[in-house]
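A short write-up of the structure that comes next.
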Number of protein chains: 2
Amino acid sequence: MPKIEDVAAKAGVSVTTVSRVLNNRGYISQATRDKVAQAMKELNYQPNEMARSLFRKKSNMIGLIIPTVSHPFFSELVYHLEYYADQKGYKVLLCNSNRDISKERKYIDMLKKNQVDAIVMGSNVQDVKHYLNLNLPIISFDRTVANNIPIVTSDNYTGGRLASRLLVDKGCRKLAHISGGVGGPNHAALLASKRFQGFRDELPDTGIEHVSLELEIAGLGDKRNVDELVRFFQEHPDADGVFATSDVLAALVIQACHQLKKTIPQEMKIIGYDDVGIASLVWPRLTSIRQPVREMSECAVELIVKLLQGEEVSMINSFPVTLIQRDTT
Amino acid sequence: MPKIEDVAAKAGVSVTTVSRVLNNRGYISQATRDKVAQAMKELNYQPNEMARSLFRKKSNMIGLIIPTVSHPFFSELVYHLEYYADQKGYKVLLCNSNRDISKERKYIDMLKKNQVDAIVMGSNVQDVKHYLNLNLPIISFDRTVANNIPIVTSDNYTGGRLASRLLVDKGCRKLAHISGGVGGPNHAALLASKRFQGFRDELPDTGIEHVSLELEIAGLGDKRNVDELVRFFQEHPDADGVFATSDVLAALVIQACHQLKKTIPQEMKIIGYDDVGIASLVWPRLTSIRQPVREMSECAVELIVKLLQGEEVSMINSFPVTLIQRDTT
DNA sequence: CCCTTAGTGTCAACCGGTTGACACATCATT
DNA sequence: AATGATGTGTCAACCGGTTGACACTAAGGG
């Protein structure tokens, strides 16, 4: 690996001069600029960003902690976040916490040690609250953490209302609310519980009752997931509408219905959440509440950039959700 | 951010001593060890890994370049790779190239500048071949690159054979081979073409003919994908078996069949590839060829560790595939 | 009493690049 | 001829931590 010294030698100038062209400061003639560029090219020189970061106290890295990138919602989040981060010159260090609080802690430590400029937290963070006397920007994705931490979220409450309103309008008489997440239930996703709240708030006047199931997903392909759902629907044979808090859950519900020979949407209407790719790959194609992940990711990156420039940002950044009607309702 | 100096002051020892306890070298009494530990705790001190990396010429970061993490195969890959990397003390810098060669180049440069210890390439790399006079370990994931670059792959050829053998055994008379990928066709995935080779090599004796379609996926939810498949099957109404080179494609084929009112598996048998989560979330549940992504990821990390220790590694690391029978065949 | 080992400190160089201070030269303006 | 902008070099300090050389002390063993 050539160093700046080598470039200087090859170009016949001083190290300072090379640094000057590298950083565009002071006066430099076009001639030397070219000489230096030439030397860099010949040596295939790349400035060592670690050294620069060390001096500048800025790494241009952001840490991203999520439960697991293997869940489609998060994989889309990661994709977009990395995209916008890259646009702004930031690199993404990815951490899968599996919702394990001790792993979250370790990752936070690791990210601090590695001098990331900011952390995006898409995982629990609940108990980590007190832990956040980090002196670096944190922003939280779809989880309430503490009121001094900016959050990017979508309108979960309205999402819940939209879902149950649709099911009601379509004539359902008894609704089921299915929640849960990979690697244990979604305890910490406080915001997702607002979906439930919205879901319920739409019902009182209608006289429609609802039942609820918190599914502990055992791994996507695991048969037990569907089995448990089948059992649940056998206990509640009169349920004719389902609101699932994620499209993955909804897909499992569809499986259960197929198994129970319930026709969709005639005997059972289903609505999912997130509108990830899978929603249009299942059959029937899933009606879902869309979170604008792309826009949310863009916002997250912008928040970070602003925070790092010392600007003020709004603490709550909520995006509207939209109902995507497909064939399960 | 406290520095080692602050710790030294608070503990009443020299910087060298702190460094010694930090790195476990030389003689240190338990007493000072404790004092230093205490001081670190009180200051909430974390050694600056950038500074250490700079000195050690080792960052413990690995760069991962893939087409897009939003594709389930890659999101599972990323998940497992990050897991094993973390186990071995490595961090993962994620890069989505979208199969764009110029973006790949930029990412490779970026990773070099940032002193990653190794790169895992899950994206094209074909034209980048000559570009690889990097002086750092590269390993390639499921793509042939150059013969001096170790590769982790699975037995694509056998995968193809297994697939067509199964379709033949189940009585299909005319097969369709559907390939393609998100963001353009899969040109570069040379290895995946071995699947096609295997697929064809199983047919000659049987007298079964096949047709082939290279689908340019337009985005997962896009209706045009299914439309094109429907058109294709209308042109080949006698096709009764499909081998899709990914489960996502297979899911689209299922959609097309539903739309054409072809019953699965009676009138149409379908087999996918990868056996990602989605395979068991569609209906009917998809028969697929499973690549052992977890094991492959583990292997990739191990290769890197070995390479960094200067050990010799085998250039070709191929894993067996397995046929997962579900309900589409 | 000498020698060894343990335990700690001081000092300087180093990783690779950045930056400010300052010196000096050249060239165009006024 | 004086002035100021332009262009480049030298030097040293710095980012935060690591390491080797060396000195010194105290304790324990033979």
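Chain labels A, B, ... are given in the sequence in which chains occur in the structure tokens; within each chain residues are numbered consecutively from 1, and ligands are likewise numbered from 1 in the order shown.
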Extract, using only C-alpha atoms (C1' of nucleotides), all DNA, RNA and protein residues at most 6 Å from region 94-104 of chain A, discarding same-chain residues fewer than 3 positions from it, and format them as a PyMOL selection string.
(chain A and resi 64-68+107) or (chain B and resi 92)
Based on the selection just made, write N, CA and C atoms of those residues as a PDB file, in the first residue's frame.
```
ATOM      1  N   LEU A  64     -25.924   0.451  12.059  1.00  0.00           N
ATOM      2  CA  LEU A  64     -27.347   0.151  11.933  1.00  0.00           C
ATOM      3  C   LEU A  64     -27.628  -1.128  12.708  1.00  0.00           C
ATOM      4  N   ILE A  65     -28.456  -1.000  13.726  1.00  0.00           N
ATOM      5  CA  ILE A  65     -28.800  -2.172  14.528  1.00  0.00           C
ATOM      6  C   ILE A  65     -30.259  -2.531  14.288  1.00  0.00           C
ATOM      7  N   ILE A  66     -30.478  -3.736  13.830  1.00  0.00           N
ATOM      8  CA  ILE A  66     -31.841  -4.205  13.590  1.00  0.00           C
ATOM      9  C   ILE A  66     -31.976  -5.612  14.158  1.00  0.00           C
ATOM     10  N   PRO A  67     -33.204  -6.104  14.301  1.00  0.00           N
ATOM     11  CA  PRO A  67     -33.361  -7.467  14.818  1.00  0.00           C
ATOM     12  C   PRO A  67     -32.710  -8.479  13.879  1.00  0.00           C
ATOM     13  N   THR A  68     -33.151  -8.478  12.634  1.00  0.00           N
ATOM     14  CA  THR A  68     -32.530  -9.373  11.671  1.00  0.00           C
ATOM     15  C   THR A  68     -32.814  -8.919  10.251  1.00  0.00           C
ATOM     16  N   TYR A 107     -23.269  -4.494  20.664  1.00  0.00           N
ATOM     17  CA  TYR A 107     -23.140  -3.820  19.374  1.00  0.00           C
ATOM     18  C   TYR A 107     -22.971  -2.317  19.570  1.00  0.00           C
TER      19      TYR A 107
ATOM     20  N   VAL B  92     -19.082  -5.949   9.608  1.00  0.00           N
ATOM     21  CA  VAL B  92     -19.439  -6.043   8.191  1.00  0.00           C
ATOM     22  C   VAL B  92     -19.875  -4.689   7.636  1.00  0.00           C
TER      23      VAL B  92
END
```
Each residue of chain C lying at most 9 Å from chain B should get a row with its shortest atom-to-atom pair and the distance in Å to one decimal, counting only C-alpha atoms (C1' of nucleotides); could you produce that, ordered by chain and increasing number, as a tab-separated table?
```
residue	atom	partner	partner_atom	distance
C:DA6	C1'	B:Tyr27	CA	6.4
C:DG7	C1'	B:Tyr27	CA	5.9
C:DT8	C1'	B:Thr17	CA	7.3
C:DG9	C1'	B:Ser14	CA	6.7
C:DC14	C1'	B:Phe55	CA	7.6
C:DC15	C1'	B:Phe55	CA	4.1
C:DG16	C1'	B:Leu54	CA	7.7
```
DSSP-assigned helix (DSSP H, G or I) among region 44-268 of chain B, expressed as an NGL selection string
:B and (49-56 or 72-87 or 101-113 or 129-131 or 156-169 or 190-201 or 204-206 or 223-235 or 247-260)
Output for the residues just chosen: C-alpha atoms as a compact mmCIF listing (two decimals), in the first residue's frame:
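Below you can see selection-v1.txt, which holds the result:
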```txt
# COMPACT_ATOMS: atom_id res chain seq x y z
CA GLU B 49 -10.46 1.17 17.57
CA MET B 50 -9.53 3.41 14.69
CA ALA B 51 -6.30 4.38 16.36
CA ARG B 52 -5.55 0.79 17.20
CA SER B 53 -6.40 -0.38 13.73
CA LEU B 54 -4.18 2.26 12.25
CA PHE B 55 -1.24 1.07 14.24
CA ARG B 56 -1.95 -2.60 13.82
CA PRO B 72 -34.26 -12.82 0.11
CA PHE B 73 -31.34 -14.99 -0.93
CA PHE B 74 -28.92 -12.19 -0.22
CA SER B 75 -30.63 -11.04 2.91
CA GLU B 76 -30.20 -14.52 4.32
CA LEU B 77 -26.62 -14.54 3.18
CA VAL B 78 -25.97 -11.20 4.83
CA TYR B 79 -27.61 -12.34 8.01
CA HIS B 80 -25.49 -15.43 8.37
CA LEU B 81 -22.32 -13.80 7.21
CA GLU B 82 -22.68 -11.02 9.73
CA TYR B 83 -23.37 -13.58 12.39
CA TYR B 84 -20.21 -15.56 11.81
CA ALA B 85 -18.13 -12.48 11.18
CA ASP B 86 -19.23 -11.14 14.54
CA GLN B 87 -18.33 -14.43 16.16
CA ILE B 101 -20.29 -2.48 -12.55
CA SER B 102 -19.30 1.11 -11.96
CA LYS B 103 -20.88 1.00 -8.56
CA GLU B 104 -19.00 -2.18 -7.82
CA ARG B 105 -15.77 -0.48 -8.71
CA LYS B 106 -16.55 2.48 -6.50
CA TYR B 107 -17.39 0.21 -3.63
CA ILE B 108 -14.19 -1.75 -4.04
CA ASP B 109 -12.23 1.49 -3.96
CA MET B 110 -14.14 2.67 -0.97
CA LEU B 111 -13.53 -0.54 0.90
CA LYS B 112 -9.84 -0.42 0.15
CA LYS B 113 -9.58 3.17 1.32
CA LYS B 129 -11.30 -9.22 -12.92
CA HIS B 130 -8.31 -7.20 -14.04
CA TYR B 131 -9.21 -4.75 -11.35
CA ASN B 156 -25.33 -25.68 -9.11
CA TYR B 157 -24.93 -28.33 -11.75
CA THR B 158 -26.39 -31.05 -9.56
CA GLY B 159 -29.08 -28.62 -8.49
CA GLY B 160 -30.14 -28.29 -12.10
CA ARG B 161 -30.08 -32.04 -12.62
CA LEU B 162 -32.08 -32.72 -9.49
CA ALA B 163 -34.67 -30.24 -10.61
CA SER B 164 -35.23 -31.63 -14.06
CA ARG B 165 -34.95 -35.23 -12.86
CA LEU B 166 -37.76 -34.56 -10.43
CA LEU B 167 -39.95 -32.92 -13.04
CA VAL B 168 -39.31 -35.78 -15.43
CA ASP B 169 -40.00 -38.38 -12.78
CA LEU B 190 -21.99 -17.78 -14.52
CA LEU B 191 -22.43 -20.39 -11.93
CA ALA B 192 -26.17 -20.19 -12.09
CA SER B 193 -25.83 -21.05 -15.75
CA LYS B 194 -24.48 -24.37 -14.58
CA ARG B 195 -27.92 -24.97 -13.20
CA PHE B 196 -29.23 -24.62 -16.70
CA GLN B 197 -26.55 -26.97 -17.95
CA GLY B 198 -27.48 -29.56 -15.36
CA PHE B 199 -31.11 -29.07 -16.15
CA ARG B 200 -30.53 -29.78 -19.82
CA ASP B 201 -28.14 -32.67 -19.33
CA PRO B 204 -31.63 -35.94 -23.81
CA ASP B 205 -32.54 -39.57 -23.16
CA THR B 206 -36.06 -38.71 -22.19
CA LYS B 223 -47.54 -6.61 -12.37
CA ARG B 224 -45.50 -6.74 -15.56
CA ASN B 225 -43.50 -9.65 -14.26
CA VAL B 226 -46.52 -11.88 -14.04
CA ASP B 227 -47.94 -10.55 -17.28
CA GLU B 228 -44.83 -11.55 -19.16
CA LEU B 229 -44.97 -15.01 -17.65
CA VAL B 230 -48.62 -15.38 -18.54
CA ARG B 231 -47.82 -14.43 -22.11
CA PHE B 232 -44.98 -16.93 -22.16
CA PHE B 233 -47.18 -19.77 -20.96
CA GLN B 234 -49.86 -18.86 -23.45
CA GLU B 235 -47.25 -19.26 -26.17
CA ASP B 247 -37.75 -18.95 -5.47
CA VAL B 248 -38.82 -15.41 -6.19
CA LEU B 249 -39.18 -16.30 -9.85
CA ALA B 250 -40.99 -19.46 -8.91
CA ALA B 251 -43.44 -17.44 -6.83
CA LEU B 252 -44.14 -15.32 -9.88
CA VAL B 253 -44.71 -18.47 -11.91
CA ILE B 254 -47.21 -19.62 -9.34
CA GLN B 255 -48.98 -16.30 -9.70
CA ALA B 256 -49.10 -16.73 -13.43
CA CYS B 257 -50.53 -20.22 -13.06
CA HIS B 258 -53.24 -19.03 -10.72
CA GLN B 259 -54.08 -16.39 -13.24
CA LEU B 260 -54.20 -18.96 -16.05
```
Neighbouring residues of DA25 (chain C) were defined as those with any atom within 10 Å, considering only C-alpha atoms (C1' of nucleotides); residues of the same chain fewer than 2 positions away were excluded. Please report them as a PyMOL selection string.
(chain C and resi 23+27) or (chain D and resi 7-8)
Keeping only N, CA and C atoms (P, O5', C5', C4', C3', O3' and C1' of nucleotides), write the selected residues to a file as a PDB file, in the first residue's frame.
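Everything below was put into part.pdb:
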```pdb
ATOM      1  P    DA C  23       9.148  33.663   9.150  1.00  0.00           P
ATOM      2  O5'  DA C  23      10.244  33.052   8.182  1.00  0.00           O
ATOM      3  C5'  DA C  23      10.618  31.670   8.278  1.00  0.00           C
ATOM      4  C4'  DA C  23      11.102  31.223   6.911  1.00  0.00           C
ATOM      5  C3'  DA C  23      11.588  32.376   6.027  1.00  0.00           C
ATOM      6  O3'  DA C  23      12.800  31.989   5.386  1.00  0.00           O
ATOM      7  C1'  DA C  23       9.879  31.171   4.921  1.00  0.00           C
ATOM      8  P    DC C  27       8.586  34.085 -12.953  1.00  0.00           P
ATOM      9  O5'  DC C  27       7.212  34.889 -13.014  1.00  0.00           O
ATOM     10  C5'  DC C  27       5.997  34.244 -12.641  1.00  0.00           C
ATOM     11  C4'  DC C  27       4.936  35.297 -12.383  1.00  0.00           C
ATOM     12  C3'  DC C  27       5.034  36.501 -13.329  1.00  0.00           C
ATOM     13  O3'  DC C  27       3.806  36.678 -14.003  1.00  0.00           O
ATOM     14  C1'  DC C  27       4.806  37.201 -11.062  1.00  0.00           C
TER      15       DC C  27
ATOM     16  P    DG D   7      -1.457  29.703  -8.449  1.00  0.00           P
ATOM     17  O5'  DG D   7      -0.176  29.052  -7.773  1.00  0.00           O
ATOM     18  C5'  DG D   7       1.085  29.280  -8.392  1.00  0.00           C
ATOM     19  C4'  DG D   7       2.170  28.638  -7.575  1.00  0.00           C
ATOM     20  C3'  DG D   7       1.868  27.232  -7.048  1.00  0.00           C
ATOM     21  O3'  DG D   7       2.927  26.405  -7.495  1.00  0.00           O
ATOM     22  C1'  DG D   7       2.802  28.578  -5.354  1.00  0.00           C
ATOM     23  P    DT D   8       2.771  24.795  -7.370  1.00  0.00           P
ATOM     24  O5'  DT D   8       3.714  24.507  -6.130  1.00  0.00           O
ATOM     25  C5'  DT D   8       5.124  24.684  -6.284  1.00  0.00           C
ATOM     26  C4'  DT D   8       5.799  24.706  -4.949  1.00  0.00           C
ATOM     27  C3'  DT D   8       5.625  23.458  -4.093  1.00  0.00           C
ATOM     28  O3'  DT D   8       6.793  22.661  -4.221  1.00  0.00           O
ATOM     29  C1'  DT D   8       5.685  25.485  -2.817  1.00  0.00           C
TER      30       DT D   8
END
```
Point out the residue among B:Ile178, B:Leu213, B:Val242, B:Val116 with the least atom-to-atom distance to chain A, counting only C-alpha atoms.
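Of the candidates, the smallest distance to chain A is held by B:Val116.
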Could you write out, as an MDAnalysis selection string, all the residues of region 130-166 of chain A that DSSP marks as strand (DSSP E)?
chainID A and resid 138:141 151:154
As an exercise, work out the distance from CA of Thr322 (chain A) to CA of Ser288 (chain A) in Å and give it to one decimal place.
8.4 Å
Length of the C1' of DT18 (chain D) to CA of Arg20 (chain B) vector [Å]
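The value is 9.1 Å.
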May I have the residues of chain D within 8 Å of chain A, counting only C-alpha atoms (C1' of nucleotides), written as an mmCIF file with all heavy atoms, in the first residue's frame?
```cif
data_model
loop_
_atom_site.group_PDB
_atom_site.id
_atom_site.type_symbol
_atom_site.label_atom_id
_atom_site.label_comp_id
_atom_site.auth_asym_id
_atom_site.auth_seq_id
_atom_site.Cartn_x
_atom_site.Cartn_y
_atom_site.Cartn_z
ATOM 1 P P DT D 6 -4.762 34.726 -5.464
ATOM 2 O OP1 DT D 6 -5.752 34.537 -6.542
ATOM 3 O OP2 DT D 6 -5.065 34.393 -4.065
ATOM 4 O "O5'" DT D 6 -3.436 33.959 -5.890
ATOM 5 C "C5'" DT D 6 -2.862 34.265 -7.167
ATOM 6 C "C4'" DT D 6 -1.593 33.461 -7.354
ATOM 7 O "O4'" DT D 6 -0.555 33.929 -6.446
ATOM 8 C "C3'" DT D 6 -1.721 31.961 -7.104
ATOM 9 O "O3'" DT D 6 -1.173 31.308 -8.240
ATOM 10 C "C2'" DT D 6 -0.901 31.719 -5.849
ATOM 11 C "C1'" DT D 6 0.160 32.813 -5.969
ATOM 12 N N1 DT D 6 0.840 33.268 -4.729
ATOM 13 C C2 DT D 6 2.212 33.232 -4.694
ATOM 14 O O2 DT D 6 2.895 32.828 -5.627
ATOM 15 N N3 DT D 6 2.770 33.688 -3.522
ATOM 16 C C4 DT D 6 2.097 34.172 -2.413
ATOM 17 O O4 DT D 6 2.723 34.563 -1.428
ATOM 18 C C5 DT D 6 0.663 34.178 -2.515
ATOM 19 C C7 DT D 6 -0.163 34.680 -1.373
ATOM 20 C C6 DT D 6 0.102 33.729 -3.658
ATOM 21 P P DG D 7 -1.457 29.703 -8.449
ATOM 22 O OP1 DG D 7 -1.375 29.455 -9.909
ATOM 23 O OP2 DG D 7 -2.646 29.308 -7.683
ATOM 24 O "O5'" DG D 7 -0.176 29.052 -7.773
ATOM 25 C "C5'" DG D 7 1.085 29.280 -8.392
ATOM 26 C "C4'" DG D 7 2.170 28.638 -7.575
ATOM 27 O "O4'" DG D 7 2.453 29.445 -6.410
ATOM 28 C "C3'" DG D 7 1.868 27.232 -7.048
ATOM 29 O "O3'" DG D 7 2.927 26.405 -7.495
ATOM 30 C "C2'" DG D 7 1.889 27.386 -5.532
ATOM 31 C "C1'" DG D 7 2.802 28.578 -5.354
ATOM 32 N N9 DG D 7 2.687 29.356 -4.123
ATOM 33 C C8 DG D 7 1.541 29.817 -3.519
ATOM 34 N N7 DG D 7 1.775 30.511 -2.420
ATOM 35 C C5 DG D 7 3.153 30.488 -2.295
ATOM 36 C C6 DG D 7 3.987 31.058 -1.309
ATOM 37 O O6 DG D 7 3.661 31.714 -0.308
ATOM 38 N N1 DG D 7 5.332 30.796 -1.558
ATOM 39 C C2 DG D 7 5.810 30.081 -2.635
ATOM 40 N N2 DG D 7 7.124 29.927 -2.730
ATOM 41 N N3 DG D 7 5.037 29.535 -3.569
ATOM 42 C C4 DG D 7 3.730 29.785 -3.331
ATOM 43 P P DT D 8 2.771 24.795 -7.370
ATOM 44 O OP1 DT D 8 3.422 24.210 -8.557
ATOM 45 O OP2 DT D 8 1.393 24.416 -7.018
ATOM 46 O "O5'" DT D 8 3.714 24.507 -6.130
ATOM 47 C "C5'" DT D 8 5.124 24.684 -6.284
ATOM 48 C "C4'" DT D 8 5.799 24.706 -4.949
ATOM 49 O "O4'" DT D 8 5.272 25.774 -4.134
ATOM 50 C "C3'" DT D 8 5.625 23.458 -4.093
ATOM 51 O "O3'" DT D 8 6.793 22.661 -4.221
ATOM 52 C "C2'" DT D 8 5.457 23.994 -2.669
ATOM 53 C "C1'" DT D 8 5.685 25.485 -2.817
ATOM 54 N N1 DT D 8 4.893 26.318 -1.883
ATOM 55 C C2 DT D 8 5.573 27.019 -0.915
ATOM 56 O O2 DT D 8 6.771 26.974 -0.788
ATOM 57 N N3 DT D 8 4.774 27.761 -0.077
ATOM 58 C C4 DT D 8 3.402 27.869 -0.126
ATOM 59 O O4 DT D 8 2.796 28.572 0.693
ATOM 60 C C5 DT D 8 2.759 27.128 -1.173
ATOM 61 C C7 DT D 8 1.261 27.169 -1.306
ATOM 62 C C6 DT D 8 3.513 26.387 -1.994
ATOM 63 P P DG D 9 7.008 21.334 -3.307
ATOM 64 O OP1 DG D 9 7.919 20.412 -4.024
ATOM 65 O OP2 DG D 9 5.712 20.864 -2.795
ATOM 66 O "O5'" DG D 9 7.822 21.976 -2.095
ATOM 67 C "C5'" DG D 9 9.052 22.662 -2.365
ATOM 68 C "C4'" DG D 9 9.704 23.008 -1.043
ATOM 69 O "O4'" DG D 9 8.937 24.075 -0.406
ATOM 70 C "C3'" DG D 9 9.720 21.840 -0.052
ATOM 71 O "O3'" DG D 9 11.018 21.635 0.467
ATOM 72 C "C2'" DG D 9 8.743 22.247 1.042
ATOM 73 C "C1'" DG D 9 8.691 23.759 0.947
ATOM 74 N N9 DG D 9 7.366 24.276 1.287
ATOM 75 C C8 DG D 9 6.174 23.993 0.665
ATOM 76 N N7 DG D 9 5.152 24.608 1.201
ATOM 77 C C5 DG D 9 5.696 25.321 2.251
ATOM 78 C C6 DG D 9 5.079 26.172 3.186
ATOM 79 O O6 DG D 9 3.885 26.466 3.298
ATOM 80 N N1 DG D 9 6.000 26.709 4.096
ATOM 81 C C2 DG D 9 7.340 26.462 4.064
ATOM 82 N N2 DG D 9 8.067 27.058 4.994
ATOM 83 N N3 DG D 9 7.942 25.675 3.187
ATOM 84 C C4 DG D 9 7.065 25.140 2.313
ATOM 85 P P DC D 14 0.587 19.314 20.245
ATOM 86 O OP1 DC D 14 -0.110 20.270 21.129
ATOM 87 O OP2 DC D 14 1.555 18.336 20.797
ATOM 88 O "O5'" DC D 14 -0.509 18.500 19.433
ATOM 89 C "C5'" DC D 14 -1.386 19.192 18.543
ATOM 90 C "C4'" DC D 14 -2.133 18.172 17.720
ATOM 91 O "O4'" DC D 14 -1.287 17.688 16.656
ATOM 92 C "C3'" DC D 14 -2.558 16.934 18.511
ATOM 93 O "O3'" DC D 14 -3.960 16.870 18.574
ATOM 94 C "C2'" DC D 14 -1.983 15.767 17.735
ATOM 95 C "C1'" DC D 14 -1.650 16.358 16.379
ATOM 96 N N1 DC D 14 -0.529 15.695 15.695
ATOM 97 C C2 DC D 14 -0.721 15.259 14.386
ATOM 98 O O2 DC D 14 -1.806 15.461 13.841
ATOM 99 N N3 DC D 14 0.282 14.614 13.761
ATOM 100 C C4 DC D 14 1.450 14.416 14.393
ATOM 101 N N4 DC D 14 2.418 13.777 13.735
ATOM 102 C C5 DC D 14 1.667 14.866 15.723
ATOM 103 C C6 DC D 14 0.659 15.496 16.338
ATOM 104 P P DC D 15 -4.603 16.055 19.832
ATOM 105 O OP1 DC D 15 -5.307 16.998 20.702
ATOM 106 O OP2 DC D 15 -3.587 15.154 20.411
ATOM 107 O "O5'" DC D 15 -5.660 15.122 19.126
ATOM 108 C "C5'" DC D 15 -6.229 15.407 17.856
ATOM 109 C "C4'" DC D 15 -6.574 14.097 17.183
ATOM 110 O "O4'" DC D 15 -5.572 13.818 16.195
ATOM 111 C "C3'" DC D 15 -6.555 12.908 18.144
ATOM 112 O "O3'" DC D 15 -7.887 12.594 18.535
ATOM 113 C "C2'" DC D 15 -5.928 11.775 17.332
ATOM 114 C "C1'" DC D 15 -5.414 12.431 16.061
ATOM 115 N N1 DC D 15 -3.976 12.193 15.782
ATOM 116 C C2 DC D 15 -3.575 11.839 14.507
ATOM 117 O O2 DC D 15 -4.419 11.717 13.624
ATOM 118 N N3 DC D 15 -2.252 11.619 14.269
ATOM 119 C C4 DC D 15 -1.358 11.763 15.254
ATOM 120 N N4 DC D 15 -0.076 11.541 14.976
ATOM 121 C C5 DC D 15 -1.749 12.145 16.574
ATOM 122 C C6 DC D 15 -3.059 12.343 16.793
ATOM 123 P P DG D 16 -8.185 12.331 20.077
ATOM 124 O OP1 DG D 16 -9.640 12.373 20.255
ATOM 125 O OP2 DG D 16 -7.306 13.204 20.876
ATOM 126 O "O5'" DG D 16 -7.686 10.836 20.277
ATOM 127 C "C5'" DG D 16 -8.388 9.782 19.631
ATOM 128 C "C4'" DG D 16 -7.624 8.499 19.836
ATOM 129 O "O4'" DG D 16 -6.375 8.571 19.116
ATOM 130 C "C3'" DG D 16 -7.260 8.218 21.292
ATOM 131 O "O3'" DG D 16 -7.506 6.853 21.536
ATOM 132 C "C2'" DG D 16 -5.772 8.524 21.345
ATOM 133 C "C1'" DG D 16 -5.347 8.094 19.951
ATOM 134 N N9 DG D 16 -4.100 8.665 19.497
ATOM 135 C C8 DG D 16 -3.510 9.839 19.909
ATOM 136 N N7 DG D 16 -2.367 10.084 19.320
ATOM 137 C C5 DG D 16 -2.187 9.016 18.460
ATOM 138 C C6 DG D 16 -1.128 8.731 17.562
ATOM 139 O O6 DG D 16 -0.115 9.387 17.340
ATOM 140 N N1 DG D 16 -1.325 7.534 16.882
ATOM 141 C C2 DG D 16 -2.428 6.728 17.047
ATOM 142 N N2 DG D 16 -2.462 5.613 16.304
ATOM 143 N N3 DG D 16 -3.428 6.975 17.884
ATOM 144 C C4 DG D 16 -3.240 8.135 18.556
#
```
